[in-house]
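Here the structure is laid out as structure tokens; the discussion comes afterwards.
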Amino acid sequence: MNKKIYYSICLALLLLIVVLSLEKFNAKEQLEQTRFEAVKEAQALDESEETLVKDPTQETVLVEGIKIDGKSYVPLQQVADKLNGEHEVDWLEGTAELRMGNTQYSWVKDAPIFEKDGTFLPNEDKTVFQEEQVWIPAQSLAHLGGSVELEGNQVKISRENLVEEVSLTMGSEATMSLADMSAEQVVEYLSFLQIPIDGAHISKKSSHLPGALRSYRNGIHEGIDWYAGTTGIEITENTPVKSMADGIVVRADHDYIEYTLEEREKDLLVSAKSTHTPTYILDKLRGRSIWVQHDKGVLVRYAHLSNIEPGLKIGQAVSAGDVIGYVGNSGTSYGVEGSLGGLHLHSDILVYGDLFWEYLSEEQVISVLEQLFQP
């Protein structure tokens, strides 16, 4: 082959290699560009979704409410939709939840209970379950971080601080769980609590302690019973009940109306047909109650009271040892029949919504209580 032809062929092959390389490079560059544009589109979508929650032009939303017994109420489902939250209702349990970011709010049927991430907030009005709709007190919405204005049956919710509160909650550190605590750690955690009745000591009778069966309502005993005799003192309907620590009153049933026999029997029948005592029924069976929220997520429920200390208000700060109510038997069969039988204080201790004893053995529960409440 002549050299001239040979060099021409080599040059042609070299040019072909160069052309193919450039095409491959261009294809790769186009692919990278496509990937870059896809990422930018995804980021833009995320930002637009975030704007739905944080758009400063949407500072207020309007929710259509109703009046129940002269109080303003709003439908939970509409609140969740308007504020981009999620809600869930358990009709058998009588509970309702609203989730905003990592924050969870809870209400209980027919009860003045409002809970935020395991701590309880001052609340006067009951939550109403009716016509396949849950109606929550309009004023409780102020605890979501914004402000609330009532305009007739419309409720205007300001979102100005709502997102800020949700974001702060999302960045907060988790609290140590009761499931991770030893009995000694539970004692240390609750060591600031005092005996609620002067001179009393813990009863060792099993039916008076947490975890005891309550077959009449198809459930278990959640707290501590303080009866005459087993606690070492005399107890009457005039025996003062004292706050076990400094705290804030979040519930005070001044206007409590005792069960009728028919109402109580109806609720007990519902419990008998269930796997346990539904939350809303158990709340009614506690009778007249005071709830005090303390530090470290600790809440104490004082139940079956005969009366509440006059002048005690929801949202009021109380000190350890302050008289908050008086021993009674409200909510019990004795209370329904109007007798003075079965007088006692029932007290529940919760830590961020969980009963303090849930992960302890019976022996550990007794040990913890004896160490906490030695007279």
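Every chain in the structure tokens has a letter given in the order shown (A, B, ...), and although residue numbers restart at 1 in each chain, ligands are simply numbered from 1 in the order shown.
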
Can you list, as a PyMOL selection string, every protein, DNA or RNA residue that comes within 6 Å of Pro122 of chain A when you count only C-alpha atoms, leaving out same-chain residues fewer than 3 positions away? chain A and resi 250+314-315

Write the residues of the preceding selection, restricted to N, CA and C atoms, as a tab-separated table (two decimals), in the first residue's frame.
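again.tsv, freshly written:
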chain	number	residue	atom	x	y	z
A	250	VAL	N	-54.51	22.44	85.90
A	250	VAL	CA	-54.96	22.38	84.50
A	250	VAL	C	-56.40	21.86	84.39
A	314	ILE	N	-58.53	27.25	87.28
A	314	ILE	CA	-57.74	26.62	86.24
A	314	ILE	C	-56.69	27.62	85.75
A	315	GLY	N	-55.46	27.16	85.63
A	315	GLY	CA	-54.35	28.03	85.26
A	315	GLY	C	-53.62	28.62	86.44

Determine which residues of segment 181-357 of chain A receive a DSSP assignment of helix (DSSP H, G or I), computed from the backbone, and state them as a VMD selection string. chain A and resid 183 to 189 206 to 208 215 to 217 261 to 273 279 to 285 295 to 297 333 to 337

Show me, as a PDB file with all heavy atoms, in the first residue's frame, the residues that have an atom within 10 Å of Ile224 of chain A when counting only C-alpha atoms, minus same-chain residues fewer than 6 positions from it.
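Listed below is the output, out_37.pdb:
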ATOM      1  N   ILE A 202     -48.442   4.907 102.608  1.00  0.00           N
ATOM      2  CA  ILE A 202     -48.915   4.079 101.503  1.00  0.00           C
ATOM      3  C   ILE A 202     -49.554   2.795 102.021  1.00  0.00           C
ATOM      4  O   ILE A 202     -49.018   2.122 102.895  1.00  0.00           O
ATOM      5  CB  ILE A 202     -47.747   3.743 100.553  1.00  0.00           C
ATOM      6  CG1 ILE A 202     -47.396   4.958  99.721  1.00  0.00           C
ATOM      7  CG2 ILE A 202     -48.081   2.576  99.637  1.00  0.00           C
ATOM      8  CD1 ILE A 202     -48.456   5.368  98.718  1.00  0.00           C
ATOM      9  N   SER A 203     -50.713   2.455 101.482  1.00  0.00           N
ATOM     10  CA  SER A 203     -51.352   1.180 101.783  1.00  0.00           C
ATOM     11  C   SER A 203     -50.636   0.065 101.020  1.00  0.00           C
ATOM     12  O   SER A 203     -50.229   0.247  99.871  1.00  0.00           O
ATOM     13  CB  SER A 203     -52.824   1.218 101.359  1.00  0.00           C
ATOM     14  OG  SER A 203     -53.399  -0.075 101.414  1.00  0.00           O
ATOM     15  N   SER A 207     -55.312  -4.258  96.281  1.00  0.00           N
ATOM     16  CA  SER A 207     -56.391  -3.600  95.534  1.00  0.00           C
ATOM     17  C   SER A 207     -56.289  -2.077  95.564  1.00  0.00           C
ATOM     18  O   SER A 207     -56.960  -1.388  94.799  1.00  0.00           O
ATOM     19  CB  SER A 207     -57.758  -4.033  96.076  1.00  0.00           C
ATOM     20  OG  SER A 207     -57.895  -3.663  97.439  1.00  0.00           O
ATOM     21  N   HIS A 208     -55.439  -1.556  96.448  1.00  0.00           N
ATOM     22  CA  HIS A 208     -55.250  -0.111  96.559  1.00  0.00           C
ATOM     23  C   HIS A 208     -54.071   0.380  95.716  1.00  0.00           C
ATOM     24  O   HIS A 208     -53.811   1.582  95.662  1.00  0.00           O
ATOM     25  CB  HIS A 208     -55.011   0.288  98.021  1.00  0.00           C
ATOM     26  CG  HIS A 208     -56.175   0.033  98.909  1.00  0.00           C
ATOM     27  ND1 HIS A 208     -56.136   0.237 100.283  1.00  0.00           N
ATOM     28  CD2 HIS A 208     -57.432  -0.412  98.646  1.00  0.00           C
ATOM     29  CE1 HIS A 208     -57.304  -0.078 100.811  1.00  0.00           C
ATOM     30  NE2 HIS A 208     -58.106  -0.473  99.841  1.00  0.00           N
ATOM     31  N   LEU A 209     -53.373  -0.543  95.080  1.00  0.00           N
ATOM     32  CA  LEU A 209     -52.128  -0.204  94.376  1.00  0.00           C
ATOM     33  C   LEU A 209     -52.312  -0.228  92.860  1.00  0.00           C
ATOM     34  O   LEU A 209     -53.249  -0.853  92.345  1.00  0.00           O
ATOM     35  CB  LEU A 209     -51.027  -1.183  94.793  1.00  0.00           C
ATOM     36  CG  LEU A 209     -50.655  -1.163  96.281  1.00  0.00           C
ATOM     37  CD1 LEU A 209     -49.658  -2.282  96.596  1.00  0.00           C
ATOM     38  CD2 LEU A 209     -50.079   0.193  96.672  1.00  0.00           C
ATOM     39  N   PRO A 210     -51.422   0.421  92.143  1.00  0.00           N
ATOM     40  CA  PRO A 210     -51.488   0.413  90.675  1.00  0.00           C
ATOM     41  C   PRO A 210     -51.402  -1.006  90.117  1.00  0.00           C
ATOM     42  O   PRO A 210     -50.662  -1.849  90.632  1.00  0.00           O
ATOM     43  CB  PRO A 210     -50.263   1.233  90.262  1.00  0.00           C
ATOM     44  CG  PRO A 210     -49.958   2.099  91.435  1.00  0.00           C
ATOM     45  CD  PRO A 210     -50.309   1.278  92.634  1.00  0.00           C
ATOM     46  N   GLY A 211     -52.158  -1.252  89.062  1.00  0.00           N
ATOM     47  CA  GLY A 211     -52.114  -2.548  88.390  1.00  0.00           C
ATOM     48  C   GLY A 211     -53.131  -3.549  88.883  1.00  0.00           C
ATOM     49  O   GLY A 211     -53.295  -4.621  88.289  1.00  0.00           O
ATOM     50  N   TYR A 302     -56.002  13.977  90.954  1.00  0.00           N
ATOM     51  CA  TYR A 302     -56.628  13.748  92.258  1.00  0.00           C
ATOM     52  C   TYR A 302     -58.109  13.486  91.992  1.00  0.00           C
ATOM     53  O   TYR A 302     -58.825  14.371  91.493  1.00  0.00           O
ATOM     54  CB  TYR A 302     -56.459  14.970  93.158  1.00  0.00           C
ATOM     55  CG  TYR A 302     -55.020  15.416  93.347  1.00  0.00           C
ATOM     56  CD1 TYR A 302     -54.397  16.247  92.413  1.00  0.00           C
ATOM     57  CD2 TYR A 302     -54.282  15.009  94.459  1.00  0.00           C
ATOM     58  CE1 TYR A 302     -53.085  16.664  92.589  1.00  0.00           C
ATOM     59  CE2 TYR A 302     -52.973  15.431  94.645  1.00  0.00           C
ATOM     60  CZ  TYR A 302     -52.376  16.251  93.698  1.00  0.00           C
ATOM     61  OH  TYR A 302     -51.071  16.656  93.869  1.00  0.00           O
ATOM     62  N   HIS A 344     -62.293   7.927  99.933  1.00  0.00           N
ATOM     63  CA  HIS A 344     -60.851   7.792  99.732  1.00  0.00           C
ATOM     64  C   HIS A 344     -60.385   8.764  98.660  1.00  0.00           C
ATOM     65  O   HIS A 344     -61.183   9.262  97.865  1.00  0.00           O
ATOM     66  CB  HIS A 344     -60.464   6.367  99.324  1.00  0.00           C
ATOM     67  CG  HIS A 344     -60.887   5.988  97.935  1.00  0.00           C
ATOM     68  ND1 HIS A 344     -62.210   5.745  97.579  1.00  0.00           N
ATOM     69  CD2 HIS A 344     -60.157   5.798  96.794  1.00  0.00           C
ATOM     70  CE1 HIS A 344     -62.280   5.420  96.298  1.00  0.00           C
ATOM     71  NE2 HIS A 344     -61.054   5.460  95.790  1.00  0.00           N
ATOM     72  N   LEU A 345     -59.113   9.037  98.672  1.00  0.00           N
ATOM     73  CA  LEU A 345     -58.478   9.785  97.587  1.00  0.00           C
ATOM     74  C   LEU A 345     -57.843   8.797  96.631  1.00  0.00           C
ATOM     75  O   LEU A 345     -57.153   7.862  97.056  1.00  0.00           O
ATOM     76  CB  LEU A 345     -57.394  10.722  98.131  1.00  0.00           C
ATOM     77  CG  LEU A 345     -56.479  11.358  97.069  1.00  0.00           C
ATOM     78  CD1 LEU A 345     -57.262  12.327  96.194  1.00  0.00           C
ATOM     79  CD2 LEU A 345     -55.284  12.053  97.714  1.00  0.00           C
ATOM     80  N   HIS A 346     -58.097   8.992  95.350  1.00  0.00           N
ATOM     81  CA  HIS A 346     -57.395   8.233  94.311  1.00  0.00           C
ATOM     82  C   HIS A 346     -56.447   9.196  93.611  1.00  0.00           C
ATOM     83  O   HIS A 346     -56.869  10.260  93.143  1.00  0.00           O
ATOM     84  CB  HIS A 346     -58.387   7.648  93.302  1.00  0.00           C
ATOM     85  CG  HIS A 346     -57.737   7.034  92.104  1.00  0.00           C
ATOM     86  ND1 HIS A 346     -57.528   5.673  91.987  1.00  0.00           N
ATOM     87  CD2 HIS A 346     -57.227   7.580  90.971  1.00  0.00           C
ATOM     88  CE1 HIS A 346     -56.933   5.417  90.838  1.00  0.00           C
ATOM     89  NE2 HIS A 346     -56.734   6.567  90.197  1.00  0.00           N
ATOM     90  N   SER A 347     -55.162   8.849  93.547  1.00  0.00           N
ATOM     91  CA  SER A 347     -54.192   9.717  92.864  1.00  0.00           C
ATOM     92  C   SER A 347     -53.431   8.925  91.810  1.00  0.00           C
ATOM     93  O   SER A 347     -52.966   7.810  92.060  1.00  0.00           O
ATOM     94  CB  SER A 347     -53.215  10.339  93.867  1.00  0.00           C
ATOM     95  OG  SER A 347     -52.498   9.336  94.566  1.00  0.00           O
ATOM     96  N   ASP A 348     -53.339   9.505  90.620  1.00  0.00           N
ATOM     97  CA  ASP A 348     -52.555   8.938  89.517  1.00  0.00           C
ATOM     98  C   ASP A 348     -51.330   9.804  89.289  1.00  0.00           C
ATOM     99  O   ASP A 348     -51.424  11.042  89.338  1.00  0.00           O
ATOM    100  CB  ASP A 348     -53.365   8.909  88.213  1.00  0.00           C
ATOM    101  CG  ASP A 348     -54.592   8.023  88.290  1.00  0.00           C
ATOM    102  OD1 ASP A 348     -54.491   6.929  88.863  1.00  0.00           O
ATOM    103  OD2 ASP A 348     -55.652   8.437  87.773  1.00  0.00           O
ATOM    104  N   ILE A 349     -50.206   9.184  88.995  1.00  0.00           N
ATOM    105  CA  ILE A 349     -48.983   9.916  88.680  1.00  0.00           C
ATOM    106  C   ILE A 349     -48.549   9.535  87.273  1.00  0.00           C
ATOM    107  O   ILE A 349     -48.310   8.351  86.984  1.00  0.00           O
ATOM    108  CB  ILE A 349     -47.859   9.598  89.687  1.00  0.00           C
ATOM    109  CG1 ILE A 349     -48.307   9.940  91.106  1.00  0.00           C
ATOM    110  CG2 ILE A 349     -46.590  10.373  89.330  1.00  0.00           C
ATOM    111  CD1 ILE A 349     -47.343   9.470  92.186  1.00  0.00           C
ATOM    112  N   LEU A 369     -43.067   3.426  95.829  1.00  0.00           N
ATOM    113  CA  LEU A 369     -44.042   4.212  96.594  1.00  0.00           C
ATOM    114  C   LEU A 369     -43.616   4.386  98.045  1.00  0.00           C
ATOM    115  O   LEU A 369     -43.785   5.459  98.632  1.00  0.00           O
ATOM    116  CB  LEU A 369     -45.419   3.542  96.513  1.00  0.00           C
ATOM    117  CG  LEU A 369     -46.087   3.567  95.133  1.00  0.00           C
ATOM    118  CD1 LEU A 369     -47.394   2.784  95.156  1.00  0.00           C
ATOM    119  CD2 LEU A 369     -46.328   4.996  94.661  1.00  0.00           C
TER     120      LEU A 369
END

List as a ChimeraX atom specification the protein and nucleic acid residues near segment 133-145 of chain A, meaning an atom at most 10 Å away when only C-alpha atoms are counted, but skip any in the same chain fewer than 2 places from it. /A:63,65-68,71-79,89,91,94-96,100,103-105,107-109,112-116,121-131,147-150,154-166

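The space separating atom CA of Gly325 of chain A from atom CA of Leu355 of chain A comes to 22.3 Å.
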
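Atom CA of Ile248 of chain A is found 20.2 Å from atom CA of Gly223 of chain A.
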
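Nearest to Tyr280 of chain A of all the residues A:Leu98, A:Ala111, A:Leu261, A:Ala80 is A:Ala111, counting only C-alpha atoms.
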
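Closest to Asp90 of chain A among A:Asn329, A:Gln374, A:Thr279, A:Thr260 is A:Thr279, based on only C-alpha atoms.
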
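Taking atom CA of Val298 of chain A as the reference point, atom CA of Leu350 of chain A is found at 5.5 Å.
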
Residue with the minimum atom-to-atom distance to Asp283 of chain A, picked from A:Ser330, A:Leu178, A:Leu340, A:Asp295 with only C-alpha atoms counted, is A:Ser330

Shell around Ser367 of chain A at 10 Å using only C-alpha atoms, local window under 6 positions removed, as a VMD selection string: chain A and resid 183 to 184 187 361

Using the chain letters and numbers from this document, which residues of segment 141-352 of chain A does DSSP assign to strand (DSSP E), as a ChimeraX atom specification? /A:148-151,154-158,213-214,219-220,224-227,240-242,247-252,290-293,298-303,307-308,317-318,323-326,344-351

All residues 10 Å or closer to Ala179 of chain A, only C-alpha atoms, same chain fewer than 5 positions away omitted, as an MDAnalysis selection string: chainID A and resid 354 356:360

Could you check which of A:Gly321, A:Pro278, A:Gly85, A:Gly118 is closest to Leu193 of chain A, using only C-alpha atoms? A:Gly321

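By only C-alpha atoms, and with residues fewer than 5 positions from Ser206 of chain A along its chain excluded, the set lying at most 12 Å from it is Gly211, Ala212, Leu213, Arg214, Ile220, His221, Gly223, Ile224, Asp225, Thr230, Glu362, Glu363, Val365 and Ile366 of chain A.
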
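Each of A:Val368, A:Ile324, A:Leu285, A:Ile308 was checked against Tyr216 of chain A using only C-alpha atoms; the smallest atom-to-atom distance is that of A:Leu285.
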